[in-house]
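protein_22.pdb (PDB, C-alpha atoms (C1' of nucleotides) and all ligand atoms) appears below.
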ATOM      1  CA  MET R   1    -124.374 137.415 122.414
ATOM      2  CA  THR R   2    -124.984 136.572 126.074
ATOM      3  CA  PRO R   3    -125.312 132.833 126.583
ATOM      4  CA  ALA R   4    -128.845 131.481 126.802
ATOM      5  CA  ARG R   5    -130.246 131.077 130.302
ATOM      6  CA  MET R   6    -130.702 127.478 131.376
ATOM      7  CA  THR R   7    -134.357 127.620 132.272
ATOM      8  CA  ARG R   8    -136.485 124.689 133.392
ATOM      9  CA  GLN R   9    -138.174 124.737 129.977
ATOM     10  CA  ARG R  10    -134.937 124.783 128.024
ATOM     11  CA  ALA R  11    -133.605 121.852 130.038
ATOM     12  CA  ALA R  12    -136.809 119.905 129.472
ATOM     13  CA  ILE R  13    -136.596 120.428 125.731
ATOM     14  CA  ILE R  14    -132.949 119.413 125.528
ATOM     15  CA  ASP R  15    -133.745 116.327 127.564
ATOM     16  CA  ALA R  16    -136.697 115.405 125.357
ATOM     17  CA  ILE R  17    -135.032 115.764 121.989
ATOM     18  CA  SER R  18    -131.996 113.773 123.005
ATOM     19  CA  ASP R  19    -133.679 110.634 121.755
ATOM     20  CA  GLY R  20    -132.623 111.150 118.185
ATOM     21  CA  ASP R  21    -135.737 111.532 116.025
ATOM     22  CA  PHE R  22    -136.726 114.340 113.723
ATOM     23  CA  ARG R  23    -140.079 115.753 114.858
ATOM     24  CA  SER R  24    -141.996 118.983 114.413
ATOM     25  CA  ALA R  25    -142.144 121.663 117.096
ATOM     26  CA  GLN R  26    -145.769 120.762 117.687
ATOM     27  CA  ALA R  27    -144.907 117.079 118.065
ATOM     28  CA  TRP R  28    -142.146 117.844 120.577
ATOM     29  CA  HIS R  29    -144.594 120.067 122.431
ATOM     30  CA  GLU R  30    -147.048 117.197 122.670
ATOM     31  CA  SER R  31    -144.358 114.805 123.956
ATOM     32  CA  LEU R  32    -143.416 117.302 126.624
ATOM     33  CA  ARG R  33    -147.022 117.873 127.660
ATOM     34  CA  GLY R  34    -147.572 114.124 127.701
ATOM     35  CA  ALA R  35    -144.575 113.804 130.026
ATOM     36  CA  GLY R  36    -146.153 116.229 132.466
ATOM     37  CA  SER R  37    -144.488 119.468 131.501
ATOM     38  CA  ALA R  38    -146.684 122.562 131.352
ATOM     39  CA  ILE R  39    -144.442 124.212 128.773
ATOM     40  CA  GLY R  40    -145.990 126.545 126.211
ATOM     41  CA  LEU R  41    -145.952 126.001 122.474
ATOM     42  CA  ALA R  42    -144.307 129.347 121.715
ATOM     43  CA  THR R  43    -141.481 128.481 124.064
ATOM     44  CA  VAL R  44    -140.892 125.216 122.240
ATOM     45  CA  TYR R  45    -140.665 127.050 118.929
ATOM     46  CA  ARG R  46    -138.348 129.722 120.308
ATOM     47  CA  THR R  47    -136.055 127.334 122.119
ATOM     48  CA  LEU R  48    -135.712 124.916 119.221
ATOM     49  CA  GLN R  49    -134.778 127.801 116.954
ATOM     50  CA  SER R  50    -132.296 129.098 119.463
ATOM     51  CA  LEU R  51    -130.696 125.667 119.734
ATOM     52  CA  ALA R  52    -130.627 125.366 115.966
ATOM     53  CA  ASP R  53    -128.897 128.728 115.688
ATOM     54  CA  ASP R  54    -126.225 127.448 118.027
ATOM     55  CA  GLY R  55    -125.791 124.282 115.977
ATOM     56  CA  ASP R  56    -127.074 122.042 118.771
ATOM     57  CA  VAL R  57    -130.138 121.053 116.804
ATOM     58  CA  ASP R  58    -130.559 120.055 113.164
ATOM     59  CA  THR R  59    -133.530 121.217 111.122
ATOM     60  CA  VAL R  60    -135.088 119.750 108.028
ATOM     61  CA  VAL R  61    -138.244 120.620 106.104
ATOM     62  CA  SER R  62    -140.724 117.784 105.716
ATOM     63  CA  GLU R  63    -142.708 116.908 102.626
ATOM     64  CA  SER R  64    -145.697 118.817 103.994
ATOM     65  CA  GLY R  65    -143.620 121.908 104.668
ATOM     66  CA  GLU R  66    -143.244 121.612 108.444
ATOM     67  CA  THR R  67    -139.851 122.215 110.015
ATOM     68  CA  LEU R  68    -138.527 119.138 111.837
ATOM     69  CA  TYR R  69    -135.996 119.284 114.662
ATOM     70  CA  ARG R  70    -133.618 116.799 116.195
ATOM     71  CA  TRP R  71    -130.609 116.828 118.450
ATOM     72  CA  CYS R  72    -127.361 117.148 116.501
ATOM     73  CA  ALA R  73    -124.799 114.486 117.236
ATOM     74  CA  ALA R  74    -122.061 115.570 114.847
ATOM     75  CA  HIS R  75    -121.613 119.123 115.935
ATOM     76  CA  THR R  76    -118.235 119.568 114.403
ATOM     77  CA  THR R  77    -118.577 119.331 110.662
ATOM     78  CA  HIS R  78    -121.098 120.228 108.022
ATOM     79  CA  HIS R  79    -123.232 117.187 107.274
ATOM     80  CA  HIS R  80    -126.550 115.915 105.971
ATOM     81  CA  HIS R  81    -129.140 113.321 106.930
ATOM     82  CA  LEU R  82    -130.714 110.078 105.895
ATOM     83  CA  ARG R  83    -134.158 110.198 107.482
ATOM     84  CA  CYS R  84    -137.099 107.792 107.730
ATOM     85  CA  ARG R  85    -140.284 109.481 106.512
ATOM     86  CA  SER R  86    -142.375 107.194 108.672
ATOM     87  CA  CYS R  87    -140.828 107.290 112.149
ATOM     88  CA  GLY R  88    -138.381 110.221 111.967
ATOM     89  CA  THR R  89    -135.279 108.215 112.803
ATOM     90  CA  ALA R  90    -132.217 109.648 111.127
ATOM     91  CA  GLU R  91    -128.544 109.080 110.592
ATOM     92  CA  GLU R  92    -125.964 111.717 109.878
ATOM     93  CA  ILE R  93    -123.941 111.364 106.727
ATOM     94  CA  ASP R  94    -121.312 113.420 105.053
ATOM     95  CA  LEU R  95    -120.757 113.871 101.364
ATOM     96  CA  PRO R  96    -117.186 115.066 100.938
ATOM     97  CA  SER R  97    -117.137 114.623  97.182
ATOM     98  CA  PHE R  98    -120.484 116.350  96.731
ATOM     99  CA  GLU R  99    -119.422 119.373  98.756
ATOM    100  CA  GLN R 100    -116.447 120.007  96.525
ATOM    101  CA  TRP R 101    -118.217 119.133  93.326
ATOM    102  CA  SER R 102    -121.133 121.498  93.972
ATOM    103  CA  ARG R 103    -118.838 124.413  94.679
ATOM    104  CA  ALA R 104    -116.879 123.695  91.520
ATOM    105  CA  ILE R 105    -119.847 123.483  89.181
ATOM    106  CA  ALA R 106    -121.503 126.578  90.635
ATOM    107  CA  SER R 107    -118.454 128.806  90.465
ATOM    108  CA  ALA R 108    -117.696 127.513  86.978
ATOM    109  CA  ARG R 109    -121.034 129.034  85.970
ATOM    110  CA  GLY R 110    -120.241 132.364  87.607
ATOM    111  CA  TYR R 111    -122.185 131.879  90.843
ATOM    112  CA  THR R 112    -120.951 133.130  94.215
ATOM    113  CA  GLU R 113    -122.183 132.729  97.795
ATOM    114  CA  ILE R 114    -122.963 129.108  97.025
ATOM    115  CA  GLU R 115    -125.158 127.094  99.344
ATOM    116  CA  HIS R 116    -126.785 123.725  98.983
ATOM    117  CA  THR R 117    -129.441 121.545 100.511
ATOM    118  CA  VAL R 118    -129.205 117.779 100.348
ATOM    119  CA  GLU R 119    -131.546 115.455 102.173
ATOM    120  CA  LEU R 120    -132.050 111.737 101.749
ATOM    121  CA  THR R 121    -135.274 110.162 102.919
ATOM    122  CA  GLY R 122    -136.710 106.690 102.824
ATOM    123  CA  LEU R 123    -138.249 104.048 105.026
ATOM    124  CA  CYS R 124    -135.895 102.617 107.623
ATOM    125  CA  HIS R 125    -135.516  98.863 107.949
ATOM    126  CA  ALA R 126    -138.029  98.606 110.801
ATOM    127  CA  CYS R 127    -140.655 100.679 109.017
ATOM    128  CA  SER R 128    -140.029  98.918 105.708
ATOM    129  CA  THR R 129    -140.807  95.476 107.103
ATOM    130  CA  GLU R 130    -143.697  96.720 109.203
ATOM    131  CA  LEU R 131    -145.518  98.518 106.369
ATOM    132  CA  ASP R 132    -144.846  95.534 104.154
ATOM    133  CA  HIS R 133    -147.118  93.138 106.161
TER     134      HIS R 133
ATOM    135  CA  MET T   1    -157.055 111.486  83.332
ATOM    136  CA  THR T   2    -158.749 113.708  80.769
ATOM    137  CA  PRO T   3    -156.326 116.276  79.378
ATOM    138  CA  ALA T   4    -156.494 119.739  80.926
ATOM    139  CA  ARG T   5    -158.670 122.264  79.114
ATOM    140  CA  MET T   6    -156.721 125.031  77.451
ATOM    141  CA  THR T   7    -158.478 127.951  79.070
ATOM    142  CA  ARG T   8    -157.581 131.597  78.593
ATOM    143  CA  GLN T   9    -156.123 131.608  82.111
ATOM    144  CA  ARG T  10    -154.020 128.492  81.588
ATOM    145  CA  ALA T  11    -152.625 129.889  78.350
ATOM    146  CA  ALA T  12    -151.786 133.180  80.054
ATOM    147  CA  ILE T  13    -149.907 131.386  82.827
ATOM    148  CA  ILE T  14    -147.935 129.215  80.434
ATOM    149  CA  ASP T  15    -147.061 132.303  78.411
ATOM    150  CA  ALA T  16    -145.958 134.233  81.491
ATOM    151  CA  ILE T  17    -143.734 131.587  83.057
ATOM    152  CA  SER T  18    -141.915 130.841  79.827
ATOM    153  CA  ASP T  19    -139.347 133.452  80.735
ATOM    154  CA  GLY T  20    -137.307 131.119  82.877
ATOM    155  CA  ASP T  21    -137.264 132.448  86.436
ATOM    156  CA  PHE T  22    -138.300 130.744  89.641
ATOM    157  CA  ARG T  23    -141.046 132.826  91.278
ATOM    158  CA  SER T  24    -143.779 132.236  93.827
ATOM    159  CA  ALA T  25    -147.413 131.746  92.848
ATOM    160  CA  GLN T  26    -148.182 135.165  94.294
ATOM    161  CA  ALA T  27    -145.395 136.770  92.265
ATOM    162  CA  TRP T  28    -146.613 135.150  89.044
ATOM    163  CA  HIS T  29    -150.101 136.337  89.904
ATOM    164  CA  GLU T  30    -148.853 139.893  90.240
ATOM    165  CA  SER T  31    -147.005 139.717  86.913
ATOM    166  CA  LEU T  32    -150.166 138.530  85.242
ATOM    167  CA  ARG T  33    -152.275 141.236  86.845
ATOM    168  CA  GLY T  34    -149.676 143.807  85.881
ATOM    169  CA  ALA T  35    -149.898 142.593  82.307
ATOM    170  CA  GLY T  36    -153.627 143.240  82.278
ATOM    171  CA  SER T  37    -154.987 139.788  83.046
ATOM    172  CA  ALA T  38    -157.868 139.586  85.529
ATOM    173  CA  ILE T  39    -156.925 136.075  86.584
ATOM    174  CA  GLY T  40    -157.642 134.967  90.145
ATOM    175  CA  LEU T  41    -155.007 133.936  92.674
ATOM    176  CA  ALA T  42    -156.553 130.542  93.362
ATOM    177  CA  THR T  43    -156.453 129.782  89.660
ATOM    178  CA  VAL T  44    -152.755 130.583  89.524
ATOM    179  CA  TYR T  45    -152.096 128.190  92.401
ATOM    180  CA  ARG T  46    -154.198 125.434  90.882
ATOM    181  CA  THR T  47    -152.796 125.760  87.401
ATOM    182  CA  LEU T  48    -149.175 125.869  88.504
ATOM    183  CA  GLN T  49    -149.731 122.731  90.552
ATOM    184  CA  SER T  50    -151.414 121.018  87.664
ATOM    185  CA  LEU T  51    -148.522 121.909  85.363
ATOM    186  CA  ALA T  52    -146.061 120.709  87.984
ATOM    187  CA  ASP T  53    -147.906 117.403  88.250
ATOM    188  CA  ASP T  54    -147.504 116.968  84.508
ATOM    189  CA  GLY T  55    -143.804 117.741  84.702
ATOM    190  CA  ASP T  56    -144.148 120.945  82.692
ATOM    191  CA  VAL T  57    -143.175 123.094  85.661
ATOM    192  CA  ASP T  58    -140.409 122.700  88.237
ATOM    193  CA  THR T  59    -140.959 123.521  91.886
ATOM    194  CA  VAL T  60    -138.504 124.442  94.586
ATOM    195  CA  VAL T  61    -138.957 125.631  98.159
ATOM    196  CA  SER T  62    -137.352 128.970  98.972
ATOM    197  CA  GLU T  63    -135.453 129.887 102.115
ATOM    198  CA  SER T  64    -138.605 131.464 103.558
ATOM    199  CA  GLY T  65    -140.678 128.369 102.830
ATOM    200  CA  GLU T  66    -142.606 129.560  99.786
ATOM    201  CA  THR T  67    -142.949 127.264  96.805
ATOM    202  CA  LEU T  68    -141.328 128.681  93.657
ATOM    203  CA  TYR T  69    -142.353 127.686  90.141
ATOM    204  CA  ARG T  70    -140.665 127.899  86.770
ATOM    205  CA  TRP T  71    -141.127 126.433  83.320
ATOM    206  CA  CYS T  72    -139.237 123.157  82.946
ATOM    207  CA  ALA T  73    -136.855 123.015  80.019
ATOM    208  CA  ALA T  74    -135.456 119.541  80.495
ATOM    209  CA  HIS T  75    -138.635 117.532  80.571
ATOM    210  CA  THR T  76    -137.061 114.227  79.817
ATOM    211  CA  THR T  77    -134.842 113.281  82.730
ATOM    212  CA  HIS T  78    -134.727 113.709  86.474
ATOM    213  CA  HIS T  79    -132.632 116.774  87.263
ATOM    214  CA  HIS T  80    -131.872 119.528  89.748
ATOM    215  CA  HIS T  81    -131.255 123.265  89.737
ATOM    216  CA  LEU T  82    -128.654 125.921  90.329
ATOM    217  CA  ARG T  83    -130.708 128.975  91.249
ATOM    218  CA  CYS T  84    -129.922 132.609  92.021
ATOM    219  CA  ARG T  85    -131.417 133.613  95.372
ATOM    220  CA  SER T  86    -131.594 137.221  94.280
ATOM    221  CA  CYS T  87    -133.260 137.217  90.851
ATOM    222  CA  GLY T  88    -134.632 133.688  90.507
ATOM    223  CA  THR T  89    -132.676 132.795  87.369
ATOM    224  CA  ALA T  90    -131.854 129.107  87.262
ATOM    225  CA  GLU T  91    -130.019 126.510  85.275
ATOM    226  CA  GLU T  92    -130.822 122.844  85.137
ATOM    227  CA  ILE T  93    -128.123 120.404  86.124
ATOM    228  CA  ASP T  94    -127.930 116.687  86.480
ATOM    229  CA  LEU T  95    -125.977 114.692  88.990
ATOM    230  CA  PRO T  96    -125.557 111.225  87.539
ATOM    231  CA  SER T  97    -123.016 110.079  90.115
ATOM    232  CA  PHE T  98    -125.034 111.464  93.023
ATOM    233  CA  GLU T  99    -128.192 109.681  91.980
ATOM    234  CA  GLN T 100    -126.508 106.306  92.087
ATOM    235  CA  TRP T 101    -124.429 107.024  95.123
ATOM    236  CA  SER T 102    -127.396 108.137  97.232
ATOM    237  CA  ARG T 103    -129.339 104.998  96.424
ATOM    238  CA  ALA T 104    -126.344 102.865  97.289
ATOM    239  CA  ILE T 105    -125.632 104.417 100.674
ATOM    240  CA  ALA T 106    -129.292 104.431 101.688
ATOM    241  CA  SER T 107    -129.959 100.819 100.807
ATOM    242  CA  ALA T 108    -126.694  99.802 102.434
ATOM    243  CA  ARG T 109    -128.199 101.095 105.675
ATOM    244  CA  GLY T 110    -131.437  99.184 105.179
ATOM    245  CA  TYR T 111    -133.565 101.986 103.796
ATOM    246  CA  THR T 112    -136.124 101.499 101.033
ATOM    247  CA  GLU T 113    -138.323 103.862  99.006
ATOM    248  CA  ILE T 114    -135.405 106.239  98.776
ATOM    249  CA  GLU T 115    -135.918 109.816  97.675
ATOM    250  CA  HIS T 116    -133.676 112.819  97.703
ATOM    251  CA  THR T 117    -133.731 116.580  97.406
ATOM    252  CA  VAL T 118    -130.747 118.490  96.096
ATOM    253  CA  GLU T 119    -130.781 122.185  95.360
ATOM    254  CA  LEU T 120    -127.886 124.514  94.717
ATOM    255  CA  THR T 121    -128.342 128.234  95.238
ATOM    256  CA  GLY T 122    -126.073 131.246  94.997
ATOM    257  CA  LEU T 123    -125.849 134.639  93.402
ATOM    258  CA  CYS T 124    -125.605 134.599  89.620
ATOM    259  CA  HIS T 125    -122.860 136.541  87.901
ATOM    260  CA  ALA T 126    -125.076 139.566  87.243
ATOM    261  CA  CYS T 127    -126.366 139.739  90.820
ATOM    262  CA  SER T 128    -122.897 139.120  92.249
ATOM    263  CA  THR T 129    -121.392 142.127  90.534
ATOM    264  CA  GLU T 130    -124.423 144.317  91.150
ATOM    265  CA  LEU T 131    -124.626 143.699  94.892
ATOM    266  CA  ASP T 132    -120.872 144.079  95.094
ATOM    267  CA  HIS T 133    -120.805 147.814  94.066
TER     268      HIS T 133
ATOM    269  C1'  DT F   1    -131.166 139.453 148.795
ATOM    270  C1'  DT F   2    -131.713 142.585 145.180
ATOM    271  C1'  DG F   3    -132.106 144.211 140.559
ATOM    272  C1'  DC F   4    -131.848 143.869 135.873
ATOM    273  C1'  DT F   5    -133.606 141.810 132.067
ATOM    274  C1'  DA F   6    -134.073 137.631 129.422
ATOM    275  C1'  DC F   7    -137.535 134.194 129.271
ATOM    276  C1'  DT F   8    -142.248 132.424 129.473
ATOM    277  C1'  DG F   9    -146.992 131.472 127.908
ATOM    278  C1'  DA F  10    -151.759 132.654 126.750
ATOM    279  C1'  DT F  11    -153.437 134.742 123.020
ATOM    280  C1'  DA F  12    -153.847 137.372 118.837
ATOM    281  C1'  DA F  13    -151.893 138.181 114.374
ATOM    282  C1'  DT F  14    -149.632 136.760 110.074
ATOM    283  C1'  DC F  15    -149.524 134.720 105.746
ATOM    284  C1'  DA F  16    -149.029 131.149 102.283
ATOM    285  C1'  DT F  17    -151.950 127.847 100.733
ATOM    286  C1'  DT F  18    -156.338 125.259 100.259
ATOM    287  C1'  DG F  19    -161.486 124.641 100.424
ATOM    288  C1'  DT F  20    -166.225 126.270  98.972
ATOM    289  C1'  DC F  21    -169.608 126.866  95.595
ATOM    290  C1'  DA F  22    -172.317 129.384  92.298
ATOM    291  C1'  DA F  23    -171.299 131.155  87.730
ATOM    292  C1'  DT F  24    -168.791 130.409  83.511
ATOM    293  C1'  DA F  25    -166.899 128.513  79.360
ATOM    294  C1'  DA F  26    -164.083 124.369  76.969
ATOM    295  C1'  DG F  27    -164.910 121.510  73.631
ATOM    296  C1'  DG F  28    -167.278 117.402  72.144
ATOM    297  C1'  DT F  29    -171.894 116.150  70.154
ATOM    298  C1'  DT F  30    -175.981 116.648  67.487
TER     299       DT F  30
ATOM    300  C1'  DA W   1    -174.788 126.865  64.911
ATOM    301  C1'  DA W   2    -177.228 125.753  68.967
ATOM    302  C1'  DC W   3    -176.636 122.425  72.864
ATOM    303  C1'  DC W   4    -174.768 119.676  76.895
ATOM    304  C1'  DT W   5    -171.858 118.075  80.013
ATOM    305  C1'  DT W   6    -168.712 119.128  83.302
ATOM    306  C1'  DA W   7    -164.055 120.957  84.182
ATOM    307  C1'  DT W   8    -162.604 125.435  85.404
ATOM    308  C1'  DT W   9    -162.904 129.901  87.422
ATOM    309  C1'  DG W  10    -162.700 133.507  91.138
ATOM    310  C1'  DA W  11    -164.329 135.938  95.216
ATOM    311  C1'  DC W  12    -164.157 134.707  99.679
ATOM    312  C1'  DA W  13    -163.737 131.954 103.802
ATOM    313  C1'  DA W  14    -161.044 128.570 106.213
ATOM    314  C1'  DT W  15    -156.823 126.222 107.527
ATOM    315  C1'  DG W  16    -152.609 125.633 109.867
ATOM    316  C1'  DA W  17    -147.912 126.421 110.890
ATOM    317  C1'  DT W  18    -145.286 129.953 112.629
ATOM    318  C1'  DT W  19    -144.508 134.606 114.712
ATOM    319  C1'  DA W  20    -145.605 138.823 117.404
ATOM    320  C1'  DT W  21    -147.498 140.876 121.813
ATOM    321  C1'  DC W  22    -146.949 141.919 126.364
ATOM    322  C1'  DA W  23    -147.645 141.467 131.229
ATOM    323  C1'  DG W  24    -145.908 138.336 134.575
ATOM    324  C1'  DT W  25    -141.919 135.312 136.013
ATOM    325  C1'  DA W  26    -137.474 133.709 137.138
ATOM    326  C1'  DG W  27    -132.128 133.230 135.764
ATOM    327  C1'  DC W  28    -128.154 134.818 137.554
ATOM    328  C1'  DA W  29    -124.565 138.284 138.386
ATOM    329  C1'  DA W  30    -123.283 141.514 141.865
TER     330       DA W  30
HETATM  331 MN    MN R 201    -126.440 116.938 112.909
HETATM  332 MN    MN R 202    -136.662 121.331  84.964
HETATM  333 ZN    ZN R 203    -138.702 104.356 110.330
HETATM  334 ZN    ZN R 204    -129.326 136.681  89.942
END

Mind converting the file's structure to structure tokens?
Ligand SMILES: [Mn+2]
Ligand SMILES: [Mn+2]
Ligand SMILES: [Zn+2]
Ligand SMILES: [Zn+2]
Amino acid sequence: MTPARMTRQRAAIIDAISDGDFRSAQAWHESLRGAGSAIGLATVYRTLQSLADDGDVDTVVSESGETLYRWCAAHTTHHHHLRCRSCGTAEEIDLPSFEQWSRAIASARGYTEIEHTVELTGLCHACSTELDH
Amino acid sequence: MTPARMTRQRAAIIDAISDGDFRSAQAWHESLRGAGSAIGLATVYRTLQSLADDGDVDTVVSESGETLYRWCAAHTTHHHHLRCRSCGTAEEIDLPSFEQWSRAIASARGYTEIEHTVELTGLCHACSTELDH
DNA sequence: TTGCTACTGATAATCATTGTCAATAAGGTT
DNA sequence: AACCTTATTGACAATGATTATCAGTAGCAA
């Protein structure tokens, strides 16, 4: 309800994740510690979740089950991601036809309260050539 | 490599999950215990994973992060699911246009080794009317 | 400046899943 | 049918990401 307080820690997190990759809470915590911040791990978890609730941060679940976070650039509309499994780089994509199609097929089968998850992953160009030798 | 041994426990699991719902390993374990089987939890985990590796069982990750398992009816082709978040019932669906489209957009942006996850969830007709009053 | 209270962080707790390892039993072989 | 090899089992401990505690701290509105 009340807007979140802009604490030193919250500012540091927002600053850190502005670089565009998807990383785990623990990985962001390590970056912040490496950059000299004495921020606590629990605070990183709490703040990332708070930002995600506000739509300022995107979340995705990795292959190993960890939640990954990244700054959201496309605030306005519902969208999905094409993410590199190796370096975490991601691009935002939208799937207008899929959105409509999924709602249609689900309600045709009697389902309500329809939701969907769509994530594309791969190896980005840089990682593809690097891992290729 | 060698085919899996058809143990009493494996047979009991296959029998139990033939009823079509998506449930967690722990939930399947409870069903089995309730039905009189003295099977161990670790065995349920291992066997479900083994069956999933063989393509006999489908897996999906729930909202809370648990892995859900169900018997796979459509063995032959790659497919996805429309699942009820309330009772676990699911139907298998295929998305021929999506499969091709996702590969196209990802490779157009320089990505290789492309994979995707697509899951549709909702409330099935029965659960919709029940929760509605 | 003061006061209220949200926020922080060290730490313990949670909980799904996996690892350990001695005992067991598939199932192929005499 | 008795035998052997070894995959499988299950009680239990360990892992690891995430969440809960709670006393101390610091936004920020008045
Ligand atoms: Mn976004
Ligand atoms: Mn299936
Ligand atoms: Zn990459
Ligand atoms: Zn249902």

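Taking only C-alpha atoms (C1' of nucleotides) and all ligand atoms into account, the protein and nucleic acid residues that come at most 6 Å from ligand MN 202 (chain R) are Asp58, Cys72, Ala73 and Ala74 of chain T.
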
Pairing the C-alpha atoms in order across the whole chain, superpose chain T onto chain R by least squares and write the result as a short mmCIF file (atom, residue, chain, number, x, y, z; two decimals) with C-alpha atoms, in the frame of the given file.
data_model
loop_
_atom_site.label_atom_id
_atom_site.label_comp_id
_atom_site.auth_asym_id
_atom_site.auth_seq_id
_atom_site.Cartn_x
_atom_site.Cartn_y
_atom_site.Cartn_z
CA MET T 1 -124.22 137.27 122.67
CA THR T 2 -124.86 136.42 126.31
CA PRO T 3 -125.23 132.68 126.80
CA ALA T 4 -128.78 131.36 126.97
CA ARG T 5 -130.24 130.95 130.45
CA MET T 6 -130.74 127.36 131.48
CA THR T 7 -134.40 127.57 132.34
CA ARG T 8 -136.57 124.66 133.43
CA GLN T 9 -138.24 124.74 130.01
CA ARG T 10 -134.98 124.75 128.07
CA ALA T 11 -133.68 121.82 130.10
CA ALA T 12 -136.90 119.90 129.51
CA ILE T 13 -136.65 120.43 125.75
CA ILE T 14 -133.01 119.38 125.59
CA ASP T 15 -133.86 116.29 127.63
CA ALA T 16 -136.80 115.40 125.40
CA ILE T 17 -135.09 115.75 122.03
CA SER T 18 -132.07 113.72 123.06
CA ASP T 19 -133.79 110.61 121.80
CA GLY T 20 -132.72 111.12 118.22
CA ASP T 21 -135.81 111.53 116.06
CA PHE T 22 -136.76 114.35 113.73
CA ARG T 23 -140.10 115.78 114.87
CA SER T 24 -141.99 119.02 114.41
CA ALA T 25 -142.13 121.71 117.09
CA GLN T 26 -145.77 120.83 117.67
CA ALA T 27 -144.93 117.14 118.07
CA TRP T 28 -142.17 117.90 120.58
CA HIS T 29 -144.61 120.14 122.41
CA GLU T 30 -147.09 117.29 122.67
CA SER T 31 -144.43 114.89 123.96
CA LEU T 32 -143.49 117.38 126.62
CA ARG T 33 -147.10 117.97 127.63
CA GLY T 34 -147.67 114.23 127.70
CA ALA T 35 -144.70 113.89 130.02
CA GLY T 36 -146.28 116.32 132.46
CA SER T 37 -144.56 119.56 131.50
CA ALA T 38 -146.75 122.67 131.30
CA ILE T 39 -144.47 124.31 128.76
CA GLY T 40 -145.98 126.67 126.19
CA LEU T 41 -145.93 126.12 122.44
CA ALA T 42 -144.26 129.44 121.67
CA THR T 43 -141.46 128.55 124.05
CA VAL T 44 -140.88 125.27 122.25
CA TYR T 45 -140.61 127.10 118.93
CA ARG T 46 -138.27 129.73 120.32
CA THR T 47 -136.03 127.33 122.15
CA LEU T 48 -135.68 124.91 119.26
CA GLN T 49 -134.72 127.80 117.00
CA SER T 50 -132.23 129.07 119.50
CA LEU T 51 -130.66 125.62 119.79
CA ALA T 52 -130.59 125.32 116.02
CA ASP T 53 -128.83 128.68 115.76
CA ASP T 54 -126.16 127.37 118.10
CA GLY T 55 -125.75 124.21 116.06
CA ASP T 56 -127.05 121.98 118.84
CA VAL T 57 -130.13 121.02 116.85
CA ASP T 58 -130.54 120.03 113.20
CA THR T 59 -133.49 121.20 111.14
CA VAL T 60 -135.05 119.73 108.05
CA VAL T 61 -138.20 120.60 106.12
CA SER T 62 -140.70 117.77 105.74
CA GLU T 63 -142.68 116.87 102.64
CA SER T 64 -145.66 118.83 103.99
CA GLY T 65 -143.53 121.90 104.66
CA GLU T 66 -143.19 121.66 108.43
CA THR T 67 -139.80 122.22 110.02
CA LEU T 68 -138.51 119.14 111.86
CA TYR T 69 -135.98 119.30 114.68
CA ARG T 70 -133.63 116.78 116.23
CA TRP T 71 -130.62 116.80 118.51
CA CYS T 72 -127.39 117.11 116.54
CA ALA T 73 -124.83 114.42 117.23
CA ALA T 74 -122.10 115.50 114.85
CA HIS T 75 -121.60 119.06 115.97
CA THR T 76 -118.21 119.50 114.45
CA THR T 77 -118.58 119.34 110.68
CA HIS T 78 -121.09 120.26 108.03
CA HIS T 79 -123.22 117.21 107.29
CA HIS T 80 -126.53 115.91 105.98
CA HIS T 81 -129.13 113.32 106.92
CA LEU T 82 -130.69 110.06 105.88
CA ARG T 83 -134.13 110.18 107.48
CA CYS T 84 -137.06 107.78 107.72
CA ARG T 85 -140.25 109.46 106.49
CA SER T 86 -142.35 107.18 108.65
CA CYS T 87 -140.80 107.29 112.13
CA GLY T 88 -138.37 110.21 111.96
CA THR T 89 -135.26 108.19 112.80
CA ALA T 90 -132.20 109.63 111.11
CA GLU T 91 -128.53 109.06 110.59
CA GLU T 92 -125.95 111.70 109.88
CA ILE T 93 -123.91 111.38 106.73
CA ASP T 94 -121.29 113.46 105.07
CA LEU T 95 -120.71 113.97 101.39
CA PRO T 96 -117.13 115.13 101.00
CA SER T 97 -117.05 114.73 97.23
CA PHE T 98 -120.41 116.44 96.77
CA GLU T 99 -119.41 119.48 98.77
CA GLN T 100 -116.45 120.16 96.53
CA TRP T 101 -118.17 119.21 93.34
CA SER T 102 -121.14 121.52 93.92
CA ARG T 103 -118.89 124.49 94.57
CA ALA T 104 -116.92 123.73 91.43
CA ILE T 105 -119.88 123.45 89.08
CA ALA T 106 -121.59 126.54 90.49
CA SER T 107 -118.56 128.79 90.27
CA ALA T 108 -117.80 127.46 86.81
CA ARG T 109 -121.14 128.94 85.78
CA GLY T 110 -120.38 132.30 87.38
CA TYR T 111 -122.29 131.85 90.61
CA THR T 112 -121.05 133.12 93.97
CA GLU T 113 -122.26 132.75 97.56
CA ILE T 114 -123.03 129.13 96.84
CA GLU T 115 -125.20 127.12 99.19
CA HIS T 116 -126.79 123.74 98.90
CA THR T 117 -129.44 121.55 100.45
CA VAL T 118 -129.19 117.78 100.32
CA GLU T 119 -131.52 115.46 102.16
CA LEU T 120 -132.02 111.75 101.74
CA THR T 121 -135.24 110.16 102.92
CA GLY T 122 -136.67 106.66 102.81
CA LEU T 123 -138.19 104.03 105.02
CA CYS T 124 -135.83 102.60 107.63
CA HIS T 125 -135.44 98.86 107.94
CA ALA T 126 -137.97 98.59 110.78
CA CYS T 127 -140.61 100.66 108.98
CA SER T 128 -139.97 98.88 105.68
CA THR T 129 -140.74 95.47 107.10
CA GLU T 130 -143.65 96.71 109.19
CA LEU T 131 -145.47 98.47 106.36
CA ASP T 132 -144.76 95.50 104.14
CA HIS T 133 -146.91 92.98 106.15
#

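Residue membership of the PyMOL selection byres (((not hetatm)) within 6 of (chain R and resi 204)) in the shown file amounts to Cys84, Ser86, Cys87, Thr89, Leu123, Cys124, Ala126 and Cys127 of chain T.
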